[in-house]
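Coordinates from my_file-v4.pdb are shown below (PDB, C-alpha atoms, pLDDT in the B column).
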```pdb
ATOM      1  CA  MET A   1      -9.029  -2.734 -15.128  1.00 52.00           C
ATOM      2  CA  PRO A   2     -11.430  -2.294 -12.205  1.00 63.00           C
ATOM      3  CA  LEU A   3     -10.704  -3.595  -8.751  1.00 71.00           C
ATOM      4  CA  PRO A   4     -10.967  -7.356  -8.499  1.00 71.00           C
ATOM      5  CA  HIS A   5     -14.278  -8.511  -7.166  1.00 78.00           C
ATOM      6  CA  LEU A   6     -14.421  -8.365  -3.362  1.00 91.00           C
ATOM      7  CA  PRO A   7     -16.591 -11.358  -2.484  1.00 93.00           C
ATOM      8  CA  LEU A   8     -18.228 -11.516   0.939  1.00 95.00           C
ATOM      9  CA  ASN A   9     -16.052 -14.505   1.892  1.00 96.00           C
ATOM     10  CA  ALA A  10     -12.953 -12.331   1.404  1.00 97.00           C
ATOM     11  CA  ILE A  11     -14.111  -9.982   4.182  1.00 97.00           C
ATOM     12  CA  THR A  12     -13.564 -10.631   7.896  1.00 98.00           C
ATOM     13  CA  ILE A  13     -15.137  -8.290  10.424  1.00 98.00           C
ATOM     14  CA  GLY A  14     -13.696  -7.920  13.924  1.00 98.00           C
ATOM     15  CA  ALA A  15     -10.902 -10.476  13.742  1.00 98.00           C
ATOM     16  CA  HIS A  16      -8.931 -11.074  16.927  1.00 97.00           C
ATOM     17  CA  ALA A  17      -5.182 -10.893  16.461  1.00 98.00           C
ATOM     18  CA  ASP A  18      -2.577 -10.771  19.225  1.00 97.00           C
ATOM     19  CA  ASP A  19       0.199  -9.450  17.011  1.00 98.00           C
ATOM     20  CA  TRP A  20       0.923  -8.371  13.464  1.00 98.00           C
ATOM     21  CA  PRO A  21       1.747 -11.847  12.091  1.00 98.00           C
ATOM     22  CA  ALA A  22      -1.647 -13.019  13.341  1.00 98.00           C
ATOM     23  CA  ALA A  23      -3.291 -10.019  11.681  1.00 98.00           C
ATOM     24  CA  ILE A  24      -1.557 -10.751   8.357  1.00 98.00           C
ATOM     25  CA  THR A  25      -2.542 -14.405   8.710  1.00 98.00           C
ATOM     26  CA  ALA A  26      -6.184 -13.335   9.023  1.00 98.00           C
ATOM     27  CA  ALA A  27      -5.805 -11.491   5.708  1.00 98.00           C
ATOM     28  CA  GLY A  28      -4.091 -14.517   4.150  1.00 98.00           C
ATOM     29  CA  ASP A  29      -6.895 -16.770   5.374  1.00 98.00           C
ATOM     30  CA  ALA A  30      -9.428 -14.486   3.667  1.00 98.00           C
ATOM     31  CA  LEU A  31      -7.508 -14.714   0.367  1.00 98.00           C
ATOM     32  CA  VAL A  32      -7.405 -18.511   0.703  1.00 98.00           C
ATOM     33  CA  ARG A  33     -11.132 -18.665   1.487  1.00 97.00           C
ATOM     34  CA  SER A  34     -12.026 -16.621  -1.583  1.00 96.00           C
ATOM     35  CA  GLY A  35      -9.805 -18.739  -3.829  1.00 97.00           C
ATOM     36  CA  ALA A  36      -7.286 -16.006  -4.681  1.00 96.00           C
ATOM     37  CA  ALA A  37      -4.232 -17.641  -3.101  1.00 97.00           C
ATOM     38  CA  THR A  38      -2.910 -20.615  -1.192  1.00 98.00           C
ATOM     39  CA  SER A  39      -1.603 -20.466   2.376  1.00 98.00           C
ATOM     40  CA  ALA A  40       1.966 -20.265   1.045  1.00 98.00           C
ATOM     41  CA  TYR A  41       1.112 -16.700  -0.029  1.00 98.00           C
ATOM     42  CA  THR A  42       0.274 -15.835   3.591  1.00 98.00           C
ATOM     43  CA  GLU A  43       3.782 -16.855   4.618  1.00 98.00           C
ATOM     44  CA  ARG A  44       5.267 -14.717   1.856  1.00 98.00           C
ATOM     45  CA  MET A  45       3.261 -11.653   2.969  1.00 97.00           C
ATOM     46  CA  ILE A  46       4.666 -12.111   6.476  1.00 98.00           C
ATOM     47  CA  ALA A  47       8.182 -12.565   5.073  1.00 97.00           C
ATOM     48  CA  VAL A  48       7.972  -9.192   3.254  1.00 96.00           C
ATOM     49  CA  ILE A  49       7.386  -7.424   6.572  1.00 96.00           C
ATOM     50  CA  ARG A  50      10.090  -9.418   8.351  1.00 96.00           C
ATOM     51  CA  GLU A  51      12.547  -8.402   5.631  1.00 95.00           C
ATOM     52  CA  PHE A  52      11.635  -4.747   5.082  1.00 94.00           C
ATOM     53  CA  GLY A  53       9.739  -3.640   8.174  1.00 94.00           C
ATOM     54  CA  ALA A  54       6.328  -2.117   8.673  1.00 96.00           C
ATOM     55  CA  TYR A  55       6.377   0.061   5.553  1.00 95.00           C
ATOM     56  CA  ILE A  56       3.201  -1.670   4.380  1.00 96.00           C
ATOM     57  CA  VAL A  57       1.339   0.408   6.991  1.00 97.00           C
ATOM     58  CA  ILE A  58       0.773   3.100   4.391  1.00 96.00           C
ATOM     59  CA  ALA A  59      -1.749   5.302   6.161  1.00 97.00           C
ATOM     60  CA  PRO A  60      -2.894   5.782   9.763  1.00 97.00           C
ATOM     61  CA  GLY A  61      -4.561   2.535  10.821  1.00 97.00           C
ATOM     62  CA  LEU A  62      -4.209   0.792   7.452  1.00 98.00           C
ATOM     63  CA  ALA A  63      -1.885  -2.016   6.348  1.00 98.00           C
ATOM     64  CA  LEU A  64      -1.620  -3.165   2.732  1.00 96.00           C
ATOM     65  CA  ALA A  65      -0.618  -6.819   3.007  1.00 97.00           C
ATOM     66  CA  HIS A  66       0.905  -8.191  -0.182  1.00 96.00           C
ATOM     67  CA  ALA A  67       3.817 -10.047  -1.739  1.00 95.00           C
ATOM     68  CA  ARG A  68       5.177 -10.542  -5.219  1.00 94.00           C
ATOM     69  CA  PRO A  69       3.243 -12.568  -7.790  1.00 94.00           C
ATOM     70  CA  GLY A  70       3.948 -16.300  -7.581  1.00 95.00           C
ATOM     71  CA  ALA A  71       2.617 -19.802  -8.102  1.00 97.00           C
ATOM     72  CA  ASP A  72       0.697 -19.435  -4.817  1.00 97.00           C
ATOM     73  CA  VAL A  73      -1.448 -16.651  -6.332  1.00 96.00           C
ATOM     74  CA  LEU A  74      -4.340 -18.354  -8.101  1.00 96.00           C
ATOM     75  CA  THR A  75      -6.094 -15.244  -9.384  1.00 94.00           C
ATOM     76  CA  ASP A  76      -6.021 -11.483  -8.781  1.00 92.00           C
ATOM     77  CA  GLY A  77      -7.684 -10.954  -5.436  1.00 93.00           C
ATOM     78  CA  LEU A  78      -8.508  -8.478  -2.743  1.00 94.00           C
ATOM     79  CA  CYS A  79      -9.519  -9.038   0.869  1.00 97.00           C
ATOM     80  CA  VAL A  80     -10.404  -6.825   3.815  1.00 98.00           C
ATOM     81  CA  VAL A  81      -9.947  -7.681   7.499  1.00 98.00           C
ATOM     82  CA  THR A  82     -11.008  -5.401  10.316  1.00 98.00           C
ATOM     83  CA  LEU A  83      -9.517  -6.032  13.748  1.00 98.00           C
ATOM     84  CA  ALA A  84     -11.499  -6.144  16.972  1.00 97.00           C
ATOM     85  CA  GLU A  85      -8.520  -4.599  18.778  1.00 97.00           C
ATOM     86  CA  PRO A  86      -5.961  -2.525  16.846  1.00 98.00           C
ATOM     87  CA  VAL A  87      -2.511  -4.118  16.520  1.00 98.00           C
ATOM     88  CA  ALA A  88       0.916  -2.438  16.472  1.00 98.00           C
ATOM     89  CA  PHE A  89       3.043  -3.230  13.421  1.00 98.00           C
ATOM     90  CA  GLY A  90       5.988  -1.062  14.475  1.00 97.00           C
ATOM     91  CA  HIS A  91       5.343   1.900  12.198  1.00 96.00           C
ATOM     92  CA  PRO A  92       6.428   5.218  13.751  1.00 95.00           C
ATOM     93  CA  HIS A  93       3.491   7.249  12.401  1.00 95.00           C
ATOM     94  CA  ASN A  94       0.656   5.008  11.327  1.00 97.00           C
ATOM     95  CA  ASP A  95       0.290   2.500  14.176  1.00 97.00           C
ATOM     96  CA  PRO A  96      -1.899   0.947  15.437  1.00 98.00           C
ATOM     97  CA  VAL A  97      -3.534  -0.891  12.548  1.00 98.00           C
ATOM     98  CA  SER A  98      -7.236  -1.629  12.565  1.00 98.00           C
ATOM     99  CA  VAL A  99      -7.857  -2.370   8.874  1.00 98.00           C
ATOM    100  CA  ILE A 100      -5.865  -4.716   6.642  1.00 98.00           C
ATOM    101  CA  VAL A 101      -6.330  -4.782   2.903  1.00 97.00           C
ATOM    102  CA  GLY A 102      -4.773  -7.882   1.385  1.00 96.00           C
ATOM    103  CA  LEU A 103      -3.732  -7.894  -2.226  1.00 95.00           C
ATOM    104  CA  ALA A 104      -2.722 -10.822  -4.428  1.00 94.00           C
ATOM    105  CA  VAL A 105      -1.728 -10.171  -8.034  1.00 92.00           C
ATOM    106  CA  THR A 106      -0.790 -12.619 -10.771  1.00 91.00           C
ATOM    107  CA  GLY A 107       1.422 -10.148 -12.649  1.00 85.00           C
ATOM    108  CA  ALA A 108       3.338  -7.033 -11.671  1.00 76.00           C
ATOM    109  CA  ASP A 109       2.682  -5.087 -14.859  1.00 73.00           C
ATOM    110  CA  ASP A 110      -1.079  -5.172 -15.068  1.00 68.00           C
ATOM    111  CA  HIS A 111      -1.837  -4.349 -11.455  1.00 77.00           C
ATOM    112  CA  LEU A 112      -1.246  -0.597 -11.747  1.00 74.00           C
ATOM    113  CA  GLN A 113      -4.730   0.265 -12.909  1.00 75.00           C
ATOM    114  CA  PHE A 114      -6.285  -1.707 -10.123  1.00 79.00           C
ATOM    115  CA  VAL A 115      -4.072  -0.056  -7.579  1.00 85.00           C
ATOM    116  CA  ALA A 116      -5.221   3.289  -8.966  1.00 84.00           C
ATOM    117  CA  GLU A 117      -8.789   2.226  -8.191  1.00 87.00           C
ATOM    118  CA  LEU A 118      -7.701   1.315  -4.670  1.00 90.00           C
ATOM    119  CA  ALA A 119      -6.171   4.780  -4.343  1.00 91.00           C
ATOM    120  CA  ASN A 120      -9.471   6.303  -5.444  1.00 90.00           C
ATOM    121  CA  VAL A 121     -11.286   4.483  -2.654  1.00 93.00           C
ATOM    122  CA  PHE A 122      -8.793   5.524   0.042  1.00 94.00           C
ATOM    123  CA  ASN A 123      -8.176   9.088  -1.094  1.00 91.00           C
ATOM    124  CA  ASP A 124     -11.335   9.808   0.887  1.00 92.00           C
ATOM    125  CA  PRO A 125      -9.811  10.327   4.365  1.00 91.00           C
ATOM    126  CA  LYS A 126     -12.954   9.068   6.102  1.00 95.00           C
ATOM    127  CA  VAL A 127     -12.811   5.612   4.544  1.00 96.00           C
ATOM    128  CA  ILE A 128     -10.341   3.958   6.944  1.00 97.00           C
ATOM    129  CA  SER A 129     -12.337   4.864  10.047  1.00 97.00           C
ATOM    130  CA  ALA A 130     -15.559   3.887   8.298  1.00 97.00           C
ATOM    131  CA  LEU A 131     -14.099   0.465   7.495  1.00 97.00           C
ATOM    132  CA  ALA A 132     -12.671   0.085  11.014  1.00 97.00           C
ATOM    133  CA  GLY A 133     -16.152   0.604  12.413  1.00 97.00           C
ATOM    134  CA  ALA A 134     -17.918  -1.650   9.918  1.00 97.00           C
ATOM    135  CA  THR A 135     -20.279  -4.195  11.433  1.00 97.00           C
ATOM    136  CA  THR A 136     -21.189  -6.090   8.264  1.00 97.00           C
ATOM    137  CA  ALA A 137     -19.284  -7.493   5.310  1.00 96.00           C
ATOM    138  CA  GLU A 138     -21.927  -6.007   3.012  1.00 95.00           C
ATOM    139  CA  PHE A 139     -20.993  -2.505   4.185  1.00 96.00           C
ATOM    140  CA  VAL A 140     -17.307  -3.144   3.436  1.00 96.00           C
ATOM    141  CA  GLN A 141     -18.236  -4.457   0.008  1.00 94.00           C
ATOM    142  CA  SER A 142     -20.244  -1.298  -0.683  1.00 93.00           C
ATOM    143  CA  VAL A 143     -17.262   0.919   0.211  1.00 94.00           C
ATOM    144  CA  PHE A 144     -15.156  -0.808  -2.434  1.00 90.00           C
ATOM    145  CA  GLY A 145     -18.002  -0.956  -4.887  1.00 82.00           C
ATOM    146  CA  ARG A 146     -18.147   2.776  -5.436  1.00 48.00           C
ATOM    147  CA  SER A 147     -15.093   4.437  -6.887  1.00 37.00           C
TER     148      SER A 147
ATOM    149  CA  MET B   1      12.573  15.548 -14.156  1.00 92.00           C
ATOM    150  CA  LYS B   2      12.445  12.101 -12.608  1.00 95.00           C
ATOM    151  CA  ILE B   3      10.977  10.956  -9.334  1.00 97.00           C
ATOM    152  CA  VAL B   4      11.458   7.453  -7.940  1.00 96.00           C
ATOM    153  CA  VAL B   5       9.007   5.827  -5.552  1.00 96.00           C
ATOM    154  CA  MET B   6      10.435   2.927  -3.609  1.00 94.00           C
ATOM    155  CA  CYS B   7       8.924   0.115  -1.587  1.00 92.00           C
ATOM    156  CA  GLY B   8      10.215  -3.239  -0.413  1.00 92.00           C
ATOM    157  CA  ILE B   9       9.144  -5.314  -3.405  1.00 90.00           C
ATOM    158  CA  GLY B  10       8.365  -2.690  -6.048  1.00 86.00           C
ATOM    159  CA  LEU B  11       4.643  -3.251  -6.407  1.00 86.00           C
ATOM    160  CA  GLY B  12       1.500  -2.631  -4.415  1.00 88.00           C
ATOM    161  CA  THR B  13       2.583   0.077  -1.995  1.00 92.00           C
ATOM    162  CA  SER B  14       4.937   1.758  -4.452  1.00 92.00           C
ATOM    163  CA  ALA B  15       2.219   1.641  -7.110  1.00 92.00           C
ATOM    164  CA  ILE B  16      -0.163   3.459  -4.783  1.00 94.00           C
ATOM    165  CA  LEU B  17       2.515   6.036  -4.039  1.00 95.00           C
ATOM    166  CA  LYS B  18       3.174   6.437  -7.776  1.00 95.00           C
ATOM    167  CA  VAL B  19      -0.493   7.055  -8.543  1.00 94.00           C
ATOM    168  CA  ASN B  20      -0.840   9.657  -5.810  1.00 96.00           C
ATOM    169  CA  ALA B  21       2.532  11.320  -6.550  1.00 97.00           C
ATOM    170  CA  GLU B  22       1.360  11.779 -10.138  1.00 96.00           C
ATOM    171  CA  ARG B  23      -1.831  13.365  -8.835  1.00 95.00           C
ATOM    172  CA  ALA B  24       0.224  15.705  -6.637  1.00 97.00           C
ATOM    173  CA  LEU B  25       2.526  16.672  -9.543  1.00 96.00           C
ATOM    174  CA  GLU B  26      -0.480  17.418 -11.695  1.00 96.00           C
ATOM    175  CA  ARG B  27      -1.827  19.692  -8.985  1.00 96.00           C
ATOM    176  CA  LEU B  28       1.566  21.442  -8.787  1.00 95.00           C
ATOM    177  CA  ASP B  29       1.688  21.667 -12.584  1.00 95.00           C
ATOM    178  CA  ILE B  30       5.128  19.981 -12.584  1.00 94.00           C
ATOM    179  CA  ASP B  31       6.118  17.785 -15.495  1.00 94.00           C
ATOM    180  CA  ALA B  32       7.962  14.725 -14.162  1.00 95.00           C
ATOM    181  CA  SER B  33       8.102  11.001 -14.704  1.00 96.00           C
ATOM    182  CA  VAL B  34       7.456   8.762 -11.722  1.00 96.00           C
ATOM    183  CA  GLN B  35       9.080   5.345 -11.626  1.00 95.00           C
ATOM    184  CA  ALA B  36       8.278   2.635  -9.073  1.00 93.00           C
ATOM    185  CA  THR B  37      11.099   0.449  -7.849  1.00 93.00           C
ATOM    186  CA  ASP B  38      12.084  -1.868  -5.027  1.00 93.00           C
ATOM    187  CA  VAL B  39      14.919  -1.836  -2.515  1.00 93.00           C
ATOM    188  CA  ALA B  40      17.121  -3.934  -4.803  1.00 92.00           C
ATOM    189  CA  GLY B  41      16.610  -1.626  -7.782  1.00 93.00           C
ATOM    190  CA  VAL B  42      16.653   1.797  -6.169  1.00 94.00           C
ATOM    191  CA  ARG B  43      20.314   2.568  -6.771  1.00 92.00           C
ATOM    192  CA  ALA B  44      20.002   2.103 -10.532  1.00 93.00           C
ATOM    193  CA  ALA B  45      16.561   3.701 -10.747  1.00 93.00           C
ATOM    194  CA  ALA B  46      17.555   6.773  -8.754  1.00 93.00           C
ATOM    195  CA  ALA B  47      20.881   7.433 -10.487  1.00 94.00           C
ATOM    196  CA  ASP B  48      19.296  10.229 -12.555  1.00 94.00           C
ATOM    197  CA  ALA B  49      16.405  11.097 -10.231  1.00 96.00           C
ATOM    198  CA  GLN B  50      15.861  14.344  -8.321  1.00 95.00           C
ATOM    199  CA  VAL B  51      13.679  12.859  -5.623  1.00 96.00           C
ATOM    200  CA  ILE B  52      13.054   9.489  -3.962  1.00 97.00           C
ATOM    201  CA  LEU B  53       9.726   9.065  -2.187  1.00 97.00           C
ATOM    202  CA  THR B  54       9.457   6.253   0.341  1.00 96.00           C
ATOM    203  CA  SER B  55       8.424   5.120   3.808  1.00 96.00           C
ATOM    204  CA  SER B  56      10.351   6.027   6.959  1.00 94.00           C
ATOM    205  CA  GLU B  57      10.938   2.291   7.367  1.00 92.00           C
ATOM    206  CA  LEU B  58      12.941   2.064   4.149  1.00 95.00           C
ATOM    207  CA  VAL B  59      15.124   5.201   4.240  1.00 94.00           C
ATOM    208  CA  ASN B  60      18.146   3.327   5.546  1.00 92.00           C
ATOM    209  CA  ALA B  61      17.885   0.774   2.745  1.00 92.00           C
ATOM    210  CA  ILE B  62      18.511   3.430   0.087  1.00 93.00           C
ATOM    211  CA  GLY B  63      22.187   3.926   0.835  1.00 90.00           C
ATOM    212  CA  LYS B  64      24.160   6.706  -0.806  1.00 90.00           C
ATOM    213  CA  THR B  65      22.242   8.862  -3.276  1.00 92.00           C
ATOM    214  CA  ASN B  66      22.329  12.343  -4.716  1.00 92.00           C
ATOM    215  CA  ALA B  67      18.553  12.507  -4.843  1.00 95.00           C
ATOM    216  CA  ASP B  68      16.476  14.193  -2.142  1.00 95.00           C
ATOM    217  CA  VAL B  69      14.862  11.519  -0.007  1.00 96.00           C
ATOM    218  CA  ILE B  70      11.342  12.403   1.093  1.00 97.00           C
ATOM    219  CA  VAL B  71       9.479  10.322   3.674  1.00 97.00           C
ATOM    220  CA  ILE B  72       5.752  10.013   3.092  1.00 97.00           C
ATOM    221  CA  ASN B  73       3.672   9.027   6.102  1.00 97.00           C
ATOM    222  CA  ASN B  74       0.217   8.710   4.548  1.00 97.00           C
ATOM    223  CA  TYR B  75       0.381   7.338   1.003  1.00 96.00           C
ATOM    224  CA  PHE B  76      -3.227   8.327   0.339  1.00 96.00           C
ATOM    225  CA  ASP B  77      -2.847  11.934   1.437  1.00 96.00           C
ATOM    226  CA  VAL B  78      -2.283  13.886  -1.777  1.00 96.00           C
ATOM    227  CA  ASP B  79      -2.058  17.099   0.292  1.00 97.00           C
ATOM    228  CA  GLU B  80       0.982  15.705   2.145  1.00 97.00           C
ATOM    229  CA  LEU B  81       2.587  14.762  -1.179  1.00 97.00           C
ATOM    230  CA  VAL B  82       1.880  18.196  -2.654  1.00 97.00           C
ATOM    231  CA  ALA B  83       3.376  19.999   0.358  1.00 97.00           C
ATOM    232  CA  LYS B  84       6.538  17.862   0.488  1.00 97.00           C
ATOM    233  CA  LEU B  85       7.118  17.847  -3.281  1.00 96.00           C
ATOM    234  CA  GLU B  86       6.623  21.602  -3.403  1.00 94.00           C
ATOM    235  CA  VAL B  87       9.376  22.103  -0.820  1.00 93.00           C
ATOM    236  CA  ALA B  88      11.746  19.672  -2.545  1.00 92.00           C
ATOM    237  CA  LEU B  89      11.199  20.846  -6.102  1.00 89.00           C
ATOM    238  CA  GLY B  90      10.315  24.474  -5.590  1.00 79.00           C
ATOM    239  CA  SER B  91      13.742  25.681  -4.526  1.00 52.00           C
TER     240      SER B  91
END
```
Take the structure in the file and write it out as structure tokens.
Amino acid sequence: MPLPHLPLNAITIGAHADDWPAAITAAGDALVRSGAATSAYTERMIAVIREFGAYIVIAPGLALAHARPGADVLTDGLCVVTLAEPVAFGHPHNDPVSVIVGLAVTGADDHLQFVAELANVFNDPKVISALAGATTAEFVQSVFGRS
Amino acid sequence: MKIVVMCGIGLGTSAILKVNAERALERLDIDASVQATDVAGVRAAAADAQVILTSSELVNAIGKTNADVIVINNYFDVDELVAKLEVALGS
């Protein structure tokens, strides 16, 4: 299974967020805009971090916002938000965050292959800084298009 | 040999760590199964595991275990995984 389509309306460039919940909300808004999830999913992504901490900041500058599958996930979806000013999530090594990848999946079992594709994209260490400096949604789309 | 990767909810981040841990094991030529789990399931999943890979944020959630707990900072850095797995499994 390839990565889910990353439509242009699921990409936000240079979002302003005062804190990490606002940054996650920007990612949730992008998933809502593209039709992947409802706003209830945004709240659940925030709840994951409130419960378990900033472990979703999985690489320097990058947060993977996500929650479990649920009725608020309408279809498998991906979104990308870049922040105008980096935001601290409270991770001891990988703060501050300037790129958020949001993930919504309809089922836990079949998402592994698509996560493997995500890993292929980000195994290139230059990708996070390239995304952080993106000025157009088309550029972000092209980064995820090749894998 | 069994390796457990743990994240808060058992999908997404742990799946990424699983994919890249498997790549690191392949590079080390070590034959091991890698199982993804969440905080709630780690005790059962790790009962027969040699190593638990996770985030620094989640170490305290593991509780008592006989497995080696390895903190991974950059989940996409296969070199970091190779170096840390080599130390844990090589001795």
Starting from the shown file, work through the PyMOL selection byres ((chain A) within 9 of (chain B)) and note down what comes out as a ChimeraX atom specification.
/A:48-49,51-60,64-68,91-94,103,105,108-109,111-112,115-116,118-120,122-125
Using the chain letters and numbers from this file, what does the PyMOL selection byres ((chain B and resi 36) around 6) select? Give the answer as a ChimeraX atom specification.
/B:4-6,14,35,37
List, as a list in words, every residue that the PyMOL selection byres ((chain B and resi 52) around 7) selects in the file provided.
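When the PyMOL selection byres ((chain B and resi 52) around 7) is applied, the selected residues are Ile3, Val4, Val5, Val51, Leu53, Thr54, Ala67, Asp68, Val69 and Ile70 of chain B.
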One residue among A:Ala104, A:Leu62, A:Ala71, A:Ala88 is nearest to Leu31 (chain A) when using all atoms listed in the file, and that residue is A:Ala104
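In this model, the gap between CA of Val42 (chain B) and CA of Gly63 (chain B) comes to 9.2 Å.
Taking CA of Gly41 (chain B) and CA of Ala37 (chain A) as the two end points, the separation is 26.7 Å.
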Using all atoms listed in the file for the distances, tell me which of A:Leu83, A:Ile46, A:Leu6, A:Thr38 is nearest to Ile24 (chain A).
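Smallest separation from Ile24 (chain A) among the options: A:Ile46.
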Can you tell me how far CA of Thr75 (chain A) sits from CA of Ile13 (chain A), in Å to one decimal?
22.9 Å
Need the shell around Pro96 (chain A): protein/DNA/RNA residues with any atom at most 6 Å away, counting all atoms listed in the file. Skip same-chain ones fewer than 6 positions apart. Format as a PyMOL selection string?
chain A and resi 61+86-88
Could you check the closest approach to Ala132 (chain A) for each of A:Asp19, A:Glu85, A:Asp72, A:Asp29 and tell me which residue wins, using all atoms listed in the file?
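With all atoms listed in the file as the atom set, the closest residue is A:Glu85.
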Expected residue set, 12 Å radius at (2.3, 21.0, -1.6), only C-alpha atoms, as a ChimeraX atom specification:
/B:21,23-30,77-90
With a distance cut-off of 9 Å and all atoms listed in the file, select the neighbouring residues of His16 (chain A), excluding the residue or stretch itself and same-chain residues fewer than 6 positions from it, and output the selection as a list in words.
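Those residues are Ala22, Ala23, Ala26, Thr82, Leu83, Ala84 and Glu85 of chain A.
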Can you rebuild region 20-36 of chain B with N, CA, C and O atoms and give it as a PDB file, in the frame of the given file?
```pdb
ATOM      1  N   ASN B  20      -0.536   8.423  -6.530  1.00 96.00           N
ATOM      2  CA  ASN B  20      -0.840   9.657  -5.810  1.00 96.00           C
ATOM      3  C   ASN B  20       0.233  10.728  -5.994  1.00 96.00           C
ATOM      4  O   ASN B  20      -0.068  11.922  -5.960  1.00 96.00           O
ATOM      5  N   ALA B  21       1.491  10.334  -6.229  1.00 97.00           N
ATOM      6  CA  ALA B  21       2.532  11.320  -6.550  1.00 97.00           C
ATOM      7  C   ALA B  21       2.218  11.983  -7.887  1.00 97.00           C
ATOM      8  O   ALA B  21       2.388  13.202  -8.053  1.00 97.00           O
ATOM      9  N   GLU B  22       1.729  11.199  -8.838  1.00 96.00           N
ATOM     10  CA  GLU B  22       1.360  11.779 -10.138  1.00 96.00           C
ATOM     11  C   GLU B  22       0.204  12.764  -9.983  1.00 96.00           C
ATOM     12  O   GLU B  22       0.159  13.802 -10.634  1.00 96.00           O
ATOM     13  N   ARG B  23      -0.723  12.430  -9.095  1.00 95.00           N
ATOM     14  CA  ARG B  23      -1.831  13.365  -8.835  1.00 95.00           C
ATOM     15  C   ARG B  23      -1.304  14.660  -8.201  1.00 95.00           C
ATOM     16  O   ARG B  23      -1.757  15.752  -8.520  1.00 95.00           O
ATOM     17  N   ALA B  24      -0.344  14.520  -7.285  1.00 97.00           N
ATOM     18  CA  ALA B  24       0.224  15.705  -6.637  1.00 97.00           C
ATOM     19  C   ALA B  24       0.984  16.563  -7.646  1.00 97.00           C
ATOM     20  O   ALA B  24       0.879  17.799  -7.637  1.00 97.00           O
ATOM     21  N   LEU B  25       1.757  15.922  -8.536  1.00 96.00           N
ATOM     22  CA  LEU B  25       2.526  16.672  -9.543  1.00 96.00           C
ATOM     23  C   LEU B  25       1.606  17.412 -10.496  1.00 96.00           C
ATOM     24  O   LEU B  25       1.898  18.541 -10.906  1.00 96.00           O
ATOM     25  N   GLU B  26       0.496  16.764 -10.816  1.00 96.00           N
ATOM     26  CA  GLU B  26      -0.480  17.418 -11.695  1.00 96.00           C
ATOM     27  C   GLU B  26      -1.026  18.677 -11.018  1.00 96.00           C
ATOM     28  O   GLU B  26      -1.155  19.723 -11.639  1.00 96.00           O
ATOM     29  N   ARG B  27      -1.296  18.546  -9.725  1.00 96.00           N
ATOM     30  CA  ARG B  27      -1.827  19.692  -8.985  1.00 96.00           C
ATOM     31  C   ARG B  27      -0.803  20.825  -8.926  1.00 96.00           C
ATOM     32  O   ARG B  27      -1.150  22.008  -8.948  1.00 96.00           O
ATOM     33  N   LEU B  28       0.496  20.441  -8.847  1.00 95.00           N
ATOM     34  CA  LEU B  28       1.566  21.442  -8.787  1.00 95.00           C
ATOM     35  C   LEU B  28       1.954  21.943 -10.181  1.00 95.00           C
ATOM     36  O   LEU B  28       2.789  22.838 -10.309  1.00 95.00           O
ATOM     37  N   ASP B  29       1.368  21.314 -11.201  1.00 95.00           N
ATOM     38  CA  ASP B  29       1.688  21.667 -12.584  1.00 95.00           C
ATOM     39  C   ASP B  29       3.187  21.459 -12.876  1.00 95.00           C
ATOM     40  O   ASP B  29       3.834  22.277 -13.517  1.00 95.00           O
ATOM     41  N   ILE B  30       3.725  20.338 -12.358  1.00 94.00           N
ATOM     42  CA  ILE B  30       5.128  19.981 -12.584  1.00 94.00           C
ATOM     43  C   ILE B  30       5.174  18.761 -13.499  1.00 94.00           C
ATOM     44  O   ILE B  30       4.468  17.774 -13.264  1.00 94.00           O
ATOM     45  N   ASP B  31       5.999  18.872 -14.531  1.00 94.00           N
ATOM     46  CA  ASP B  31       6.118  17.785 -15.495  1.00 94.00           C
ATOM     47  C   ASP B  31       7.257  16.867 -15.062  1.00 94.00           C
ATOM     48  O   ASP B  31       8.420  17.262 -15.108  1.00 94.00           O
ATOM     49  N   ALA B  32       6.928  15.653 -14.617  1.00 95.00           N
ATOM     50  CA  ALA B  32       7.962  14.725 -14.162  1.00 95.00           C
ATOM     51  C   ALA B  32       7.494  13.299 -14.393  1.00 95.00           C
ATOM     52  O   ALA B  32       6.302  13.019 -14.372  1.00 95.00           O
ATOM     53  N   SER B  33       8.452  12.417 -14.610  1.00 96.00           N
ATOM     54  CA  SER B  33       8.102  11.001 -14.704  1.00 96.00           C
ATOM     55  C   SER B  33       8.270  10.376 -13.323  1.00 96.00           C
ATOM     56  O   SER B  33       9.149  10.765 -12.556  1.00 96.00           O
ATOM     57  N   VAL B  34       7.399   9.433 -13.020  1.00 96.00           N
ATOM     58  CA  VAL B  34       7.456   8.762 -11.722  1.00 96.00           C
ATOM     59  C   VAL B  34       7.664   7.276 -11.963  1.00 96.00           C
ATOM     60  O   VAL B  34       6.865   6.632 -12.638  1.00 96.00           O
ATOM     61  N   GLN B  35       8.748   6.757 -11.429  1.00 95.00           N
ATOM     62  CA  GLN B  35       9.080   5.345 -11.626  1.00 95.00           C
ATOM     63  C   GLN B  35       9.028   4.604 -10.303  1.00 95.00           C
ATOM     64  O   GLN B  35       9.624   5.042  -9.320  1.00 95.00           O
ATOM     65  N   ALA B  36       8.334   3.468 -10.279  1.00 93.00           N
ATOM     66  CA  ALA B  36       8.278   2.635  -9.073  1.00 93.00           C
ATOM     67  C   ALA B  36       9.423   1.640  -9.091  1.00 93.00           C
ATOM     68  O   ALA B  36       9.747   1.064 -10.128  1.00 93.00           O
TER      69      ALA B  36
END
```
